[in-house]
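Structure record follows, encoded as structure tokens.
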Amino acid sequence: MDEFKKEKPLYWKIYEKLKKDIEEGKIKKGELISPEIQLTKIFNVSRITIRKALQLLQNENFIKRKKRFGTEVIYEPKKLRDKKAIGVLLVDITRPFFNEILKGIQYCLDKNGYKLVLCDTENKNEKEKEYILRYKDAVGGFIIAPCTENKNLPIYAELIVEKVPFVFIDRYIPELNTDYVVSDNFEGGYIITKHLIELGHKNIAVIAEPEATSVNERIEGYKKALQEINIKKEYIFSSGKRGFENGYETGKKIIKDFPEITAVFCINDDVAIGCLKAIIECGLKVPDDISIAGYDNLPFSYQIHPGLTTIEQEKFEMGKKAAEILLNRIEKGIDKNKYKVKLPVNFIKRNSTSFPKKNIYEKK
């Protein structure tokens with residue numbers, strides 16, 4: 001029956017050829033198509049035939065024709081989504097804590113034939129937004145440790161609307177009903193503070209960091225432990241910086257301005273190391289003069305002297321679990337049920353905490 005099929009008109013064949021070149025990026029957005037007179041020579045057709053082909057392209061918003069300017073391509077080729085690629089956005093890839101999380105993610109992705117696109121947002125909301133917009137049409141989904149201050153709610157909402165699956169890790173955003181995998185930070189803050197109280201400390205400080213759910217929940221655990229024995233005085237400090245510098249600067253301030261403090265709960269081990277250095281430089285000893293506790297159980301926490309009392313998080317498991325949830329979303333589709341996982345924490349007692357020798361003879 002092929003002999004009865006009508007041959008496509010010449011203008012249609014030219015239209016299809018030009019359309020294909022534009023879709024494949026051979027003629028890019030912003031570039032000009034060859035002038036009509038040149039096209040007539042290329043395709044060996046009349047100018048009317050060329051104009052019909054160009055009119056079809058214009059009707060479909062592939063080109064825009066301007067007098068005395070030319071025919072400009074306005075079509076933006078769609079990015080091909082690679083569902084086997086996973087975007088991972090972490091706030092600081094230099095920190096050992098996130099390295100362990102990354103190992104868990106990588107383990108799960110390797111096991112299931114996926115690849116990882118790693119982005120370091122440096123805890124900057126603008127960089128986080130830039131990475132999400134850059135990759136949202138190119139990857140199968142995201143695992144995100146959201147930046148502090150939570151300025152990208154509209155971007156997360158855009159992912160939800162466009163059905164791009166994502167899982168928060170380490171911290172989450174309470175305003176959004178989304179999947180997340182975190183540690184039980186409230187319990188961790190409570191356990192470490194309870195330990196210091198049981199040793200006899202009453203004036204206990206916290207060195208915090210810029211706001212995040214993980215930080216806030218640890219502080220709530222600290223407050224709960226104090227409230228249970230009716231300690232009303234709370235000491236919550238932060239220099240506004242992060243990690244070692246925060247611990248060092250705030251530790252100096254505590255020693256200078258708050259001599260009554262006998263124990264410091266540092267919001268993470270990096271902060272604790274900075275605080276330890278500040279205390280030693282001030283001529284004091286840990287734990288003889290002041291006790292220090294950290295959070296995360298990073299490798300150096302048992303390598304230093306004294307060994308750091310801390311809270312261990314299941315970092316590898318956190319990364320692995322977040323990846324498993326995301327792959328399930330990608331392979332089985334998005335449903336209404338959300339995975340809100342809080343992993344247990346473990347208390348690690350070492351030599352950086354002891355009885356408050358300053359006040360051991362004070363009357364209760």
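In the structure tokens, chains take the letters A, B, ... in the order shown, each chain's residues start at 1, and ligands count up from 1 in the order shown.
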Tyr114 of chain A: which residues within 8 Å, counting only C-alpha atoms, same-chain residues fewer than 5 positions away excluded, as a list in words?
Lys84, Ala85, Ile86 and Leu109 of chain A
Would you export the selected residues with C-alpha atoms as a compact mmCIF listing (two decimals), in the first residue's frame, please?
# COMPACT_ATOMS: atom_id res chain seq x y z
CA LYS A 84 20.39 6.91 37.81
CA ALA A 85 22.08 10.13 39.00
CA ILE A 86 21.43 11.38 42.55
CA LEU A 109 24.01 3.98 45.39
Give one line per residue of segment 210-247 of chain A that approaches segment 145-163 of chain A to at most 10 Å, naming the two atoms of the closest pair and their distance in Å to one decimal, counting only C-alpha atoms; sort by chain then ascending residue number and deliver it as JSON lines.
{"residue": "A:Pro210", "atom": "CA", "partner": "A:Thr148", "partner_atom": "CA", "distance": 6.6}
{"residue": "A:Glu211", "atom": "CA", "partner": "A:Thr148", "partner_atom": "CA", "distance": 5.7}
{"residue": "A:Ala212", "atom": "CA", "partner": "A:Thr148", "partner_atom": "CA", "distance": 5.4}
{"residue": "A:Thr213", "atom": "CA", "partner": "A:Thr148", "partner_atom": "CA", "distance": 8.7}
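If you measure from each of A:Ala225, A:Val182, A:Ile311, A:Ile144 to Val91 of chain A using only C-alpha atoms, the closest one turns out to be A:Ile144.
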What parts of segment 185-311 of chain A does DSSP call alpha helix (DSSP H)? I'd like the answer as a ChimeraX atom specification.
/A:185-198,213-228,243-257,269-281
Suppose we keep C-alpha atoms; can you now write the selection as a compact mmCIF listing (two decimals), in the first residue's frame?
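The new file out_27.txt reads:
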# COMPACT_ATOMS: atom_id res chain seq x y z
CA ASN A 185 18.97 14.90 68.69
CA PHE A 186 16.63 15.73 71.57
CA GLU A 187 17.57 12.48 73.29
CA GLY A 188 21.26 13.12 72.66
CA GLY A 189 21.14 16.58 74.22
CA TYR A 190 19.16 15.22 77.15
CA ILE A 191 21.54 12.29 77.78
CA ILE A 192 24.72 14.38 77.75
CA THR A 193 23.25 17.04 80.07
CA LYS A 194 21.83 14.38 82.40
CA HIS A 195 25.31 12.84 82.60
CA LEU A 196 26.84 16.19 83.65
CA ILE A 197 24.09 16.74 86.23
CA GLU A 198 24.62 13.29 87.71
CA THR A 213 16.69 21.47 63.72
CA SER A 214 19.58 19.27 64.87
CA VAL A 215 20.99 22.10 67.01
CA ASN A 216 17.62 23.26 68.29
CA GLU A 217 16.58 19.77 69.38
CA ARG A 218 19.86 19.17 71.26
CA ILE A 219 19.30 22.42 73.12
CA GLU A 220 15.73 21.37 73.95
CA GLY A 221 17.14 18.13 75.40
CA TYR A 222 19.58 20.21 77.49
CA LYS A 223 16.72 22.36 78.81
CA LYS A 224 14.59 19.32 79.64
CA ALA A 225 17.37 17.77 81.74
CA LEU A 226 17.80 21.03 83.69
CA GLN A 227 14.07 21.41 84.25
CA GLU A 228 13.78 17.92 85.73
CA GLY A 243 33.17 24.53 64.38
CA PHE A 244 36.58 25.02 65.95
CA GLU A 245 36.52 28.85 65.81
CA ASN A 246 33.13 28.96 67.53
CA GLY A 247 34.34 26.70 70.33
CA TYR A 248 37.61 28.58 70.75
CA GLU A 249 36.11 32.10 70.88
CA THR A 250 33.15 31.11 73.04
CA GLY A 251 35.33 29.01 75.34
CA LYS A 252 37.52 32.08 76.01
CA LYS A 253 34.43 34.14 76.81
CA ILE A 254 33.07 31.53 79.23
CA ILE A 255 36.37 31.30 81.14
CA LYS A 256 36.66 35.09 81.37
CA ASP A 257 33.09 36.15 82.14
CA ASP A 269 32.99 17.64 68.48
CA ASP A 270 34.56 20.32 66.27
CA VAL A 271 33.27 22.96 68.69
CA ALA A 272 34.54 20.88 71.63
CA ILE A 273 38.10 20.81 70.25
CA GLY A 274 38.09 24.61 69.96
CA CYS A 275 36.76 24.95 73.50
CA LEU A 276 39.39 22.53 74.82
CA LYS A 277 42.17 24.62 73.28
CA ALA A 278 40.73 27.81 74.81
CA ILE A 279 40.58 26.25 78.28
CA ILE A 280 44.16 24.98 78.09
CA GLU A 281 45.43 28.36 76.89
Segment 29-40 of chain A surroundings by only C-alpha atoms, 10 Å radius, close-in-sequence under 5 positions cut, as a compact mmCIF listing (two decimals) with C-alpha atoms, in the first residue's frame:
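Everything below was put into out.txt:
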# COMPACT_ATOMS: atom_id res chain seq x y z
CA ILE A 14 12.63 21.44 5.51
CA LEU A 18 15.42 22.53 10.90
CA ILE A 22 17.26 22.96 16.87
CA GLU A 23 16.06 20.18 19.22
CA VAL A 45 13.69 25.31 -3.34
CA SER A 46 11.78 28.54 -3.79
CA ARG A 47 11.64 31.33 -1.22
CA ILE A 48 7.92 30.65 -0.70
CA THR A 49 8.71 27.05 0.32
CA ILE A 50 11.30 28.29 2.84
CA ARG A 51 8.83 30.79 4.30
CA LEU A 54 9.82 28.91 8.87
CA PHE A 62 11.04 27.40 17.85
CA ILE A 63 12.04 30.66 16.18
CA LYS A 64 11.25 34.35 16.20
CA ARG A 65 11.46 36.30 12.95
CA PHE A 69 17.52 41.34 12.05
CA GLY A 70 16.99 37.76 10.97
CA THR A 71 15.44 34.57 12.28
CA GLU A 72 16.48 33.84 15.88
CA VAL A 73 16.15 30.49 17.64
CA ILE A 74 14.19 30.87 20.89
CA TYR A 75 13.74 27.17 21.74
CA GLU A 76 15.47 25.87 24.88
CA PRO A 77 16.27 22.14 24.52
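The gap separating atom CA of Val164 of chain A from atom CA of Leu80 of chain A is 13.9 Å, in Å to one decimal.
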Glu60 of chain A proximity check over A:Lys241, A:Lys136, A:Lys19, A:Lys26, using only C-alpha atoms: winner is A:Lys19
Nearest to Ile143 of chain A among A:Arg81, A:Pro9, A:Asp289, A:Met318, with distances taken over only C-alpha atoms: which residue is it?
A:Met318
